[in-house]
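Working notes, structure below.
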Amino acid sequence: MKKQLLLGQTLGFSGNPLLGDWADAVNFDSAGGVLIEDGRITATGNAAHLRADNPDAAVTDYGDALISAGFVDAHMHYPQTGMIASWGKQLIDWLNTYTFPEEARFGDRAYADDVANRTLDIAVAHGTTTLTSFCTIHPGSVDALFEAADARNMAVFAGKTCMDRNAPDNLRDSAQLAYDDSKALLEKWHGKGRANYVITPRFSPTSTPEQLTALGTLWAEHPSCLMQTHLSEQLPEIAWVKELFPDARDYLDTYEMHGLLGARGLYGHAIHLEEREIARLAEVGAAVVHCPTSNTFIGSGLFDMMGLAKAALTIGLATDTGGGSSFSMLRTMAAAYEIGQLRGTALHPAQLMWLATEGSAAALKMSGEIGHLGVGAVADITVLDLQSTPAIAQRASRALDIWDAVFPTIMMGDDRAVRDVWIAGEKQSA
Ligand code: GUN
Ligand code: ZN
């Protein structure tokens, strides 16, 4: 494969800008470059030096566009692509009214293929190079997504969504079937190309203790897999969990009791946490995933970014499509900023960009491999035009520094801001 040299303004990170002084964690070069060989980044640095050292490389000069690691969406539901932006319901009613009827359609493999391909096309158009998705109860829905990802050489994390109660008949499996289907899919896909199987109990209300135990057992048998679920998203949901699991100390305990708490656990939302839950998540090194457009859209609450970062939790960022109202990680960063403001913390653009790349990669235990603009990482790269619309351009034109130039794109940008996307060193067609 020919060497590729991308030139522009480069933004990478050497640490976590949520901890300490954000400026210490940033690697920014206004005349930078990224060298790609065999799908990986083999050098970064000054554009002129990289050009001189690599006369054989094919050069793409992006001028003053921003070269970033590709965005990593750490929690979404690809089967909900078709019903994004459905009006007027909060979580449990929203699931019953809109989500479950749509998910039932994924028994039709052709429909699953269509939505899987559509979702990945939309994600890539928005600069997302990795996504982490719930599928549906149907094993074919998992095959559809991994096949679509494989055709694009995308690193995708996904699993069969298991439910054996409090869901319609056509969306329920059983403890045994959840175990058997998940195991078969895991053996088929985990580690194949860039596919990563994720053990996926939807959330405690839709799994019996027997099903949670079965999936906990599967996780113990396959510790290299991630496990994803939902945690403490809405107050009525939490009250329901208390009724369903009277012996549990709290919501997290419903997972912990059944072998579903661990370092490779991904807990979506995590808004209304109790002290014990925060301490346990930190102690085991688990990750929580902030889904800000969903939290406002479904009316869930205000995630405590700074409090949880200070408690040393690993935090990823995600669209939560279609509870989330956007496929764009730029819009998702904007919503995280707005929720931060409502909680009294203005997240810096460096912190927002870190969350959408390195933070989500850390949540997926993929630090240094994806979401990273540095030597050794897979060359999953998103190039952002910082003047993509007249409204953004007129604001960016008076920017005082790079952050003042990036922030209007974070707040007002969408897929028009995505100039190019590279996946494993291959430029994607527009
Ligand atoms: N909790 C359980 N299932 C879901 C879902 O599909 N979306 C969201 N936002 N929360 C959930
Ligand atoms: Zn979700």
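By order of appearance in the structure tokens: chains A, B, ..., then residues from 1 within every chain, and ligands from 1 in the order shown.
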**Q.** Shell around Trp403 of chain A at 10 Å using only C-alpha atoms, local window under 5 positions removed, as a list in words
**A.** His348, Pro349, Ala350, Ala396 and Pro408 of chain A
Q. Excluding same-chain residues fewer than 4 positions from segment 368-377 of chain A, what lies within 9 Å of it counting only C-alpha atoms, as an NGL selection string?
A. :A and (10-14 or 34-35 or 39-44 or 67-72 or 129-130 or 155 or 354 or 356-362 or 381)
Same residues, N, CA and C atoms, saved as a PDB file, in the first residue's frame:
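result27.pdb, written as the output of this step:
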```pdb
ATOM      1  N   THR A  10      -3.047  19.720  12.839  1.00  0.00           N
ATOM      2  CA  THR A  10      -3.246  18.412  13.469  1.00  0.00           C
ATOM      3  C   THR A  10      -3.536  18.567  14.961  1.00  0.00           C
ATOM      4  N   LEU A  11      -4.491  17.753  15.424  1.00  0.00           N
ATOM      5  CA  LEU A  11      -4.858  17.769  16.850  1.00  0.00           C
ATOM      6  C   LEU A  11      -4.830  16.345  17.397  1.00  0.00           C
ATOM      7  N   GLY A  12      -3.952  16.133  18.351  1.00  0.00           N
ATOM      8  CA  GLY A  12      -3.901  14.851  19.054  1.00  0.00           C
ATOM      9  C   GLY A  12      -3.753  15.110  20.549  1.00  0.00           C
ATOM     10  N   PHE A  13      -3.689  14.036  21.308  1.00  0.00           N
ATOM     11  CA  PHE A  13      -3.622  14.168  22.777  1.00  0.00           C
ATOM     12  C   PHE A  13      -2.577  13.222  23.345  1.00  0.00           C
ATOM     13  N   SER A  14      -1.909  13.708  24.404  1.00  0.00           N
ATOM     14  CA  SER A  14      -0.935  12.848  25.101  1.00  0.00           C
ATOM     15  C   SER A  14      -1.411  12.511  26.506  1.00  0.00           C
ATOM     16  N   VAL A  34       0.476  13.864   9.126  1.00  0.00           N
ATOM     17  CA  VAL A  34       0.282  12.485   9.601  1.00  0.00           C
ATOM     18  C   VAL A  34       0.701  11.555   8.478  1.00  0.00           C
ATOM     19  N   LEU A  35       1.646  10.683   8.768  1.00  0.00           N
ATOM     20  CA  LEU A  35       2.107   9.716   7.773  1.00  0.00           C
ATOM     21  C   LEU A  35       1.416   8.379   8.013  1.00  0.00           C
ATOM     22  N   GLY A  39      -2.048   1.147   6.639  1.00  0.00           N
ATOM     23  CA  GLY A  39      -3.255   1.323   7.446  1.00  0.00           C
ATOM     24  C   GLY A  39      -3.025   1.910   8.822  1.00  0.00           C
ATOM     25  N   ARG A  40      -1.766   2.147   9.173  1.00  0.00           N
ATOM     26  CA  ARG A  40      -1.492   2.714  10.510  1.00  0.00           C
ATOM     27  C   ARG A  40      -0.727   4.019  10.404  1.00  0.00           C
ATOM     28  N   ILE A  41      -0.795   4.800  11.470  1.00  0.00           N
ATOM     29  CA  ILE A  41      -0.028   6.046  11.548  1.00  0.00           C
ATOM     30  C   ILE A  41       1.400   5.685  11.954  1.00  0.00           C
ATOM     31  N   THR A  42       2.355   6.097  11.105  1.00  0.00           N
ATOM     32  CA  THR A  42       3.750   5.746  11.421  1.00  0.00           C
ATOM     33  C   THR A  42       4.575   6.968  11.811  1.00  0.00           C
ATOM     34  N   ALA A  43       4.050   8.167  11.582  1.00  0.00           N
ATOM     35  CA  ALA A  43       4.747   9.369  12.051  1.00  0.00           C
ATOM     36  C   ALA A  43       3.753  10.519  12.105  1.00  0.00           C
ATOM     37  N   THR A  44       4.000  11.425  13.041  1.00  0.00           N
ATOM     38  CA  THR A  44       3.268  12.695  13.063  1.00  0.00           C
ATOM     39  C   THR A  44       4.315  13.773  13.310  1.00  0.00           C
ATOM     40  N   ILE A  67      -7.051  18.068  11.166  1.00  0.00           N
ATOM     41  CA  ILE A  67      -6.903  16.613  11.076  1.00  0.00           C
ATOM     42  C   ILE A  67      -6.972  16.051  12.494  1.00  0.00           C
ATOM     43  N   SER A  68      -7.973  15.211  12.724  1.00  0.00           N
ATOM     44  CA  SER A  68      -8.224  14.645  14.053  1.00  0.00           C
ATOM     45  C   SER A  68      -8.334  13.129  13.928  1.00  0.00           C
ATOM     46  N   ALA A  69      -8.179  12.443  15.027  1.00  0.00           N
ATOM     47  CA  ALA A  69      -8.581  11.036  15.043  1.00  0.00           C
ATOM     48  C   ALA A  69     -10.060  10.962  14.684  1.00  0.00           C
ATOM     49  N   GLY A  70     -10.480   9.892  14.046  1.00  0.00           N
ATOM     50  CA  GLY A  70     -11.899   9.706  13.738  1.00  0.00           C
ATOM     51  C   GLY A  70     -12.706   9.627  15.018  1.00  0.00           C
ATOM     52  N   PHE A  71     -13.967  10.021  14.924  1.00  0.00           N
ATOM     53  CA  PHE A  71     -14.825  10.001  16.118  1.00  0.00           C
ATOM     54  C   PHE A  71     -15.223   8.564  16.468  1.00  0.00           C
ATOM     55  N   VAL A  72     -15.318   8.337  17.763  1.00  0.00           N
ATOM     56  CA  VAL A  72     -15.690   7.012  18.278  1.00  0.00           C
ATOM     57  C   VAL A  72     -16.995   7.169  19.061  1.00  0.00           C
ATOM     58  N   THR A 129     -15.779   6.941  12.861  1.00  0.00           N
ATOM     59  CA  THR A 129     -15.063   5.820  12.250  1.00  0.00           C
ATOM     60  C   THR A 129     -15.248   4.521  13.031  1.00  0.00           C
ATOM     61  N   THR A 130     -15.666   4.637  14.284  1.00  0.00           N
ATOM     62  CA  THR A 130     -16.019   3.433  15.061  1.00  0.00           C
ATOM     63  C   THR A 130     -17.324   3.683  15.769  1.00  0.00           C
ATOM     64  N   ALA A 155     -13.839  -0.672  12.487  1.00  0.00           N
ATOM     65  CA  ALA A 155     -13.877  -1.302  13.805  1.00  0.00           C
ATOM     66  C   ALA A 155     -15.250  -1.027  14.414  1.00  0.00           C
ATOM     67  N   TRP A 354     -11.464  15.478  22.984  1.00  0.00           N
ATOM     68  CA  TRP A 354     -10.857  14.295  23.621  1.00  0.00           C
ATOM     69  C   TRP A 354     -11.932  13.244  23.911  1.00  0.00           C
ATOM     70  N   ALA A 356     -14.719  12.697  22.433  1.00  0.00           N
ATOM     71  CA  ALA A 356     -15.271  12.091  21.210  1.00  0.00           C
ATOM     72  C   ALA A 356     -14.284  11.149  20.518  1.00  0.00           C
ATOM     73  N   THR A 357     -13.034  11.181  20.952  1.00  0.00           N
ATOM     74  CA  THR A 357     -12.005  10.342  20.311  1.00  0.00           C
ATOM     75  C   THR A 357     -11.351   9.438  21.363  1.00  0.00           C
ATOM     76  N   GLU A 358     -10.405  10.019  22.087  1.00  0.00           N
ATOM     77  CA  GLU A 358      -9.638   9.251  23.078  1.00  0.00           C
ATOM     78  C   GLU A 358     -10.514   8.723  24.218  1.00  0.00           C
ATOM     79  N   GLY A 359     -11.467   9.547  24.679  1.00  0.00           N
ATOM     80  CA  GLY A 359     -12.291   9.148  25.819  1.00  0.00           C
ATOM     81  C   GLY A 359     -13.119   7.917  25.489  1.00  0.00           C
ATOM     82  N   SER A 360     -13.771   7.962  24.327  1.00  0.00           N
ATOM     83  CA  SER A 360     -14.574   6.801  23.929  1.00  0.00           C
ATOM     84  C   SER A 360     -13.687   5.590  23.674  1.00  0.00           C
ATOM     85  N   ALA A 361     -12.509   5.815  23.072  1.00  0.00           N
ATOM     86  CA  ALA A 361     -11.596   4.687  22.844  1.00  0.00           C
ATOM     87  C   ALA A 361     -11.172   4.070  24.176  1.00  0.00           C
ATOM     88  N   ALA A 362     -10.926   4.908  25.178  1.00  0.00           N
ATOM     89  CA  ALA A 362     -10.543   4.390  26.502  1.00  0.00           C
ATOM     90  C   ALA A 362     -11.692   3.582  27.101  1.00  0.00           C
ATOM     91  N   ILE A 381      -9.193   8.424  10.591  1.00  0.00           N
ATOM     92  CA  ILE A 381      -8.939   9.866  10.695  1.00  0.00           C
ATOM     93  C   ILE A 381     -10.109  10.650  10.123  1.00  0.00           C
TER      94      ILE A 381
END
```
Q) Residues of segment 274-349 of chain A in alpha helix (DSSP H) according to DSSP, as a PyMOL selection string? A) chain A and resi 275-284+292-297+305-310+329-342+349
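Comparing A:Gly340, A:Pro139, A:Gly268, A:Gly316 by their smallest distance to ligand 2, the closest is A:Gly268 (using only C-alpha atoms and all ligand atoms).
Closest approach to ligand 2 from the set A:Gly259, A:Gly140, A:Pro201, A:Gly32 is made by A:Pro201, with distances taken over only C-alpha atoms and all ligand atoms.
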With only C-alpha atoms counted and 9 Å as the cut-off, give the residues of segment 313-390 of chain A in contact with segment 48-64 of chain A, each with its shortest interatomic distance in Å and the pair that gives it, as a tab-separated table.
```
residue	atom	partner	partner_atom	distance
A:Val383	CA	A:Tyr62	CA	8.0
A:Asp385	CA	A:Asp64	CA	7.9
A:Leu386	CA	A:Asp64	CA	8.0
```
Q: Within 6 Å of His290 of chain A, counting only C-alpha atoms, which residues show up once you throw out same-chain ones fewer than 2 positions away? Write them as a ChimeraX atom specification, please.
A: /A:269,292,317
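Excluding segment 409-419 of chain A itself and any same-chain residue fewer than 2 positions from it, the protein and nucleic acid residues within 6 Å of it, counting only C-alpha atoms, are Ala125, His126, Gly127, Leu330, Ala334, Val383, Leu384, Asp385, Leu386, Ser388, Val406 and Phe407 of chain A.
Neighbours of ligand 2 at a cut-off of 7 Å, computed so that only C-alpha atoms and all ligand atoms are counted, are the residues His75, Met76, His77, His230, Gly268 and Asp320 of chain A.
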What are the nearest atom pairs, with distances in Å to one decimal, for all residues of chain A that come at most 9 Å from ligand 1, using only C-alpha atoms and all ligand atoms, set out by chain and rising residue number as a tab-separated table?
```
residue	atom	partner	partner_atom_place_in_ligand_line	distance
A:Met76	CA	ligand 1	7 (N)	8.1
A:His77	CA	ligand 1	6 (O)	6.6
A:Gln80	CA	ligand 1	6 (O)	7.8
A:Leu91	CA	ligand 1	10 (N)	6.4
A:Ile92	CA	ligand 1	1 (N)	7.8
A:Trp94	CA	ligand 1	7 (N)	8.5
A:Leu95	CA	ligand 1	6 (O)	6.5
A:Thr99	CA	ligand 1	6 (O)	6.7
A:Phe100	CA	ligand 1	6 (O)	8.5
A:Phe134	CA	ligand 1	6 (O)	8.0
A:Arg202	CA	ligand 1	2 (C)	5.6
A:Phe203	CA	ligand 1	2 (C)	5.4
A:Ser204	CA	ligand 1	2 (C)	8.5
A:Pro205	CA	ligand 1	2 (C)	8.2
A:Thr206	CA	ligand 1	2 (C)	8.1
A:Thr229	CA	ligand 1	2 (C)	7.8
A:His230	CA	ligand 1	1 (N)	5.5
A:Leu231	CA	ligand 1	1 (N)	7.8
A:Ser232	CA	ligand 1	1 (N)	9.0
A:Glu233	CA	ligand 1	10 (N)	6.9
A:Gln234	CA	ligand 1	10 (N)	8.8
A:Glu237	CA	ligand 1	1 (N)	8.6
A:Gly268	CA	ligand 1	10 (N)	7.9
A:His269	CA	ligand 1	9 (N)	7.8
A:Cys291	CA	ligand 1	9 (N)	8.2
A:Ser294	CA	ligand 1	9 (N)	6.2
A:Asn295	CA	ligand 1	9 (N)	7.7
A:Ile298	CA	ligand 1	9 (N)	7.4
A:Ser300	CA	ligand 1	9 (N)	8.8
A:Asp320	CA	ligand 1	9 (N)	6.2
A:Thr321	CA	ligand 1	7 (N)	7.9
A:Gly322	CA	ligand 1	7 (N)	7.2
A:Gly323	CA	ligand 1	9 (N)	4.6
A:Gly324	CA	ligand 1	9 (N)	7.0
```
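Residue nearest Pro101 of chain A, chosen from A:Pro168, A:Gly159, A:Gly45, A:Gly88 and counting only C-alpha atoms: A:Pro168.
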Q | Using only C-alpha atoms: which of A:Cys225, A:Val378, A:Leu212, A:Ala25 has the shortest distance to Phe245 of chain A | A | A:Leu212
Q | Polymer residues at most 9 Å from Ala158 of chain A, only C-alpha atoms, same-chain spacing of 3 or more positions, as number ranges by chain | A | A: 131-135, 142, 145-146, 195-200, 228
Q | All residues 12 Å or closer to Lys365 of chain A, only C-alpha atoms, same chain fewer than 6 positions away omitted, as a PyMOL selection string | A | chain A and resi 74+157+196+224-227+263-266+285-287+314-316+358-359+371
Just the selected residues (all heavy atoms), exported as a short mmCIF file (atom, residue, chain, number, x, y, z; two decimals), in the first residue's frame, please.
```
data_model
loop_
_atom_site.label_atom_id
_atom_site.label_comp_id
_atom_site.auth_asym_id
_atom_site.auth_seq_id
_atom_site.Cartn_x
_atom_site.Cartn_y
_atom_site.Cartn_z
N ALA A 74 -19.52 5.66 21.39
CA ALA A 74 -19.37 4.54 22.34
C ALA A 74 -20.69 3.89 22.75
O ALA A 74 -20.68 2.95 23.57
CB ALA A 74 -18.61 5.01 23.57
N PHE A 157 -18.15 -2.37 17.36
CA PHE A 157 -18.41 -3.14 18.58
C PHE A 157 -19.91 -3.34 18.66
O PHE A 157 -20.67 -2.36 18.62
CB PHE A 157 -17.94 -2.34 19.81
CG PHE A 157 -16.44 -2.19 19.88
CD1 PHE A 157 -15.76 -1.36 19.02
CD2 PHE A 157 -15.72 -2.90 20.82
CE1 PHE A 157 -14.38 -1.23 19.07
CE2 PHE A 157 -14.34 -2.78 20.90
CZ PHE A 157 -13.68 -1.95 20.03
N ASN A 196 -15.68 -6.63 16.98
CA ASN A 196 -15.59 -6.92 18.42
C ASN A 196 -16.98 -7.25 18.94
O ASN A 196 -17.87 -6.39 18.90
CB ASN A 196 -15.06 -5.70 19.17
CG ASN A 196 -13.62 -5.42 18.81
OD1 ASN A 196 -12.70 -5.98 19.40
ND2 ASN A 196 -13.42 -4.55 17.81
N SER A 224 -12.28 -11.37 27.25
CA SER A 224 -11.76 -10.34 26.34
C SER A 224 -12.89 -9.54 25.69
O SER A 224 -12.65 -8.53 25.04
CB SER A 224 -10.88 -10.96 25.25
OG SER A 224 -11.69 -11.67 24.33
N CYS A 225 -14.14 -9.97 25.89
CA CYS A 225 -15.27 -9.21 25.33
C CYS A 225 -15.64 -8.05 26.25
O CYS A 225 -15.49 -8.13 27.47
CB CYS A 225 -16.51 -10.10 25.21
SG CYS A 225 -16.44 -11.23 23.83
N LEU A 226 -16.16 -7.02 25.64
CA LEU A 226 -16.82 -5.98 26.42
C LEU A 226 -18.25 -6.44 26.73
O LEU A 226 -18.78 -7.35 26.08
CB LEU A 226 -16.88 -4.66 25.63
CG LEU A 226 -15.54 -4.00 25.31
CD1 LEU A 226 -15.75 -2.85 24.33
CD2 LEU A 226 -14.85 -3.49 26.56
N MET A 227 -18.85 -5.79 27.72
CA MET A 227 -20.26 -6.02 28.05
C MET A 227 -20.91 -4.64 28.08
O MET A 227 -20.35 -3.71 28.68
CB MET A 227 -20.37 -6.69 29.42
CG MET A 227 -21.76 -7.15 29.85
SD MET A 227 -22.95 -5.89 30.37
CE MET A 227 -22.08 -5.03 31.67
N ALA A 263 -14.21 -4.41 34.54
CA ALA A 263 -13.45 -3.35 33.87
C ALA A 263 -13.89 -3.18 32.42
O ALA A 263 -13.85 -2.08 31.87
CB ALA A 263 -11.97 -3.67 33.92
N ARG A 264 -14.29 -4.27 31.79
CA ARG A 264 -14.70 -4.17 30.39
C ARG A 264 -16.21 -3.96 30.24
O ARG A 264 -16.77 -4.24 29.20
CB ARG A 264 -14.21 -5.40 29.61
CG ARG A 264 -12.68 -5.52 29.65
CD ARG A 264 -12.17 -6.71 28.88
NE ARG A 264 -12.14 -6.46 27.46
CZ ARG A 264 -11.21 -5.77 26.81
NH1 ARG A 264 -10.21 -5.24 27.47
NH2 ARG A 264 -11.27 -5.59 25.52
N GLY A 265 -16.81 -3.42 31.29
CA GLY A 265 -18.23 -3.09 31.23
C GLY A 265 -18.42 -1.64 30.78
O GLY A 265 -17.66 -0.75 31.16
N LEU A 266 -19.45 -1.47 29.95
CA LEU A 266 -19.80 -0.14 29.42
C LEU A 266 -21.23 0.16 29.87
O LEU A 266 -22.16 -0.54 29.45
CB LEU A 266 -19.86 -0.17 27.90
CG LEU A 266 -18.60 -0.16 27.07
CD1 LEU A 266 -18.99 -0.37 25.60
CD2 LEU A 266 -17.89 1.18 27.21
N GLY A 285 -12.78 -0.14 37.46
CA GLY A 285 -12.26 0.40 36.20
C GLY A 285 -13.24 0.30 35.05
O GLY A 285 -12.85 0.26 33.89
N ALA A 286 -14.53 0.27 35.39
CA ALA A 286 -15.56 0.22 34.34
C ALA A 286 -15.73 1.60 33.70
O ALA A 286 -15.27 2.60 34.25
CB ALA A 286 -16.88 -0.24 34.95
N ALA A 287 -16.42 1.63 32.57
CA ALA A 287 -16.63 2.90 31.87
C ALA A 287 -18.11 3.27 31.87
O ALA A 287 -18.98 2.40 31.74
CB ALA A 287 -16.14 2.79 30.44
N THR A 314 -13.79 6.24 33.93
CA THR A 314 -13.54 6.34 32.49
C THR A 314 -14.87 6.75 31.85
O THR A 314 -15.90 6.14 32.13
CB THR A 314 -13.11 4.96 31.95
OG1 THR A 314 -11.96 4.54 32.67
CG2 THR A 314 -12.80 5.03 30.47
N ILE A 315 -14.83 7.78 30.98
CA ILE A 315 -16.07 8.31 30.42
C ILE A 315 -15.97 8.36 28.89
O ILE A 315 -15.06 8.98 28.35
CB ILE A 315 -16.36 9.72 30.96
CG1 ILE A 315 -16.41 9.70 32.50
CG2 ILE A 315 -17.68 10.25 30.38
CD1 ILE A 315 -16.51 11.07 33.14
N GLY A 316 -16.90 7.70 28.23
CA GLY A 316 -16.99 7.79 26.78
C GLY A 316 -18.13 8.72 26.39
O GLY A 316 -18.95 9.11 27.22
N GLU A 358 -10.41 10.02 22.09
CA GLU A 358 -9.64 9.25 23.08
C GLU A 358 -10.51 8.72 24.22
O GLU A 358 -10.30 7.61 24.72
CB GLU A 358 -8.53 10.14 23.69
CG GLU A 358 -7.55 10.69 22.68
CD GLU A 358 -6.34 9.79 22.49
OE1 GLU A 358 -6.27 8.73 23.15
OE2 GLU A 358 -5.48 10.14 21.67
N GLY A 359 -11.47 9.55 24.68
CA GLY A 359 -12.29 9.15 25.82
C GLY A 359 -13.12 7.92 25.49
O GLY A 359 -13.17 6.95 26.26
N GLY A 371 -9.15 6.20 17.87
CA GLY A 371 -9.42 7.47 18.54
C GLY A 371 -8.15 8.22 18.90
O GLY A 371 -8.16 9.10 19.75
#
```
Q) Where does DSSP see strand (DSSP E) in segment 126-325 of chain A, if you list the residues as a PyMOL selection string? A) chain A and resi 128-134+156-159+161-162+195-201+226-231+265-269+287-290+314-317
Those same residues - C-alpha atoms - I'd like them written as a CSV table (one decimal), in the first residue's frame.
```csv
chain,number,residue,atom,x,y,z
A,128,THR,CA,-17.5,8.6,13.0
A,129,THR,CA,-15.1,5.8,12.2
A,130,THR,CA,-16.0,3.4,15.1
A,131,LEU,CA,-19.4,2.8,16.6
A,132,THR,CA,-20.6,0.6,19.4
A,133,SER,CA,-24.1,-0.6,18.9
A,134,PHE,CA,-26.9,-2.6,20.4
A,156,VAL,CA,-17.4,-1.9,15.1
A,157,PHE,CA,-18.4,-3.1,18.6
A,158,ALA,CA,-21.8,-4.8,18.8
A,159,GLY,CA,-23.9,-7.6,20.2
A,161,THR,CA,-29.6,-7.3,22.6
A,162,CYS,CA,-31.0,-9.8,25.1
A,195,ALA,CA,-15.2,-6.9,14.6
A,196,ASN,CA,-15.6,-6.9,18.4
A,197,TYR,CA,-18.5,-8.8,20.0
A,198,VAL,CA,-20.1,-7.1,23.0
A,199,ILE,CA,-22.2,-9.1,25.4
A,200,THR,CA,-25.5,-7.1,25.5
A,201,PRO,CA,-28.2,-7.4,28.1
A,226,LEU,CA,-16.8,-6.0,26.4
A,227,MET,CA,-20.3,-6.0,28.1
A,228,GLN,CA,-22.7,-3.1,27.4
A,229,THR,CA,-25.9,-2.2,29.0
A,230,HIS,CA,-27.9,0.8,30.4
A,231,LEU,CA,-27.7,2.2,33.9
A,265,GLY,CA,-18.2,-3.1,31.2
A,266,LEU,CA,-19.8,-0.1,29.4
A,267,TYR,CA,-22.7,1.5,31.3
A,268,GLY,CA,-24.8,3.9,29.1
A,269,HIS,CA,-26.2,7.1,30.6
A,287,ALA,CA,-16.6,2.9,31.9
A,288,VAL,CA,-19.7,5.0,31.8
A,289,VAL,CA,-21.0,6.5,28.5
A,290,HIS,CA,-22.4,10.0,28.3
A,314,THR,CA,-13.5,6.3,32.5
A,315,ILE,CA,-16.1,8.3,30.4
A,316,GLY,CA,-17.0,7.8,26.8
A,317,LEU,CA,-19.2,9.9,24.6
```
Q | Residue contacts of Asn170 of chain A (10 Å, only C-alpha atoms) excluding same-chain residues fewer than 6 positions away, as an MDAnalysis selection string | A | chainID A and resid 100:101 103:105 107 137:138
Q. Quick one: distance from atom CA of Asn117 of chain A to atom CA of Leu186 of chain A in Å, one decimal?
A.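 Straight-line distance from atom CA of Asn117 of chain A to atom CA of Leu186 of chain A works out to 20.8 Å.
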**Q.** Interatomic distance, atom CA of Leu6 of chain A to atom CA of Val421 of chain A (Å, one decimal)
**A.**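 These atoms are spaced 11.5 Å apart.
Among the candidates A:Ala335, A:Ala148, A:Ala379, A:Leu252, the one nearest to Thr119 of chain A when counting only C-alpha atoms is A:Ala148.
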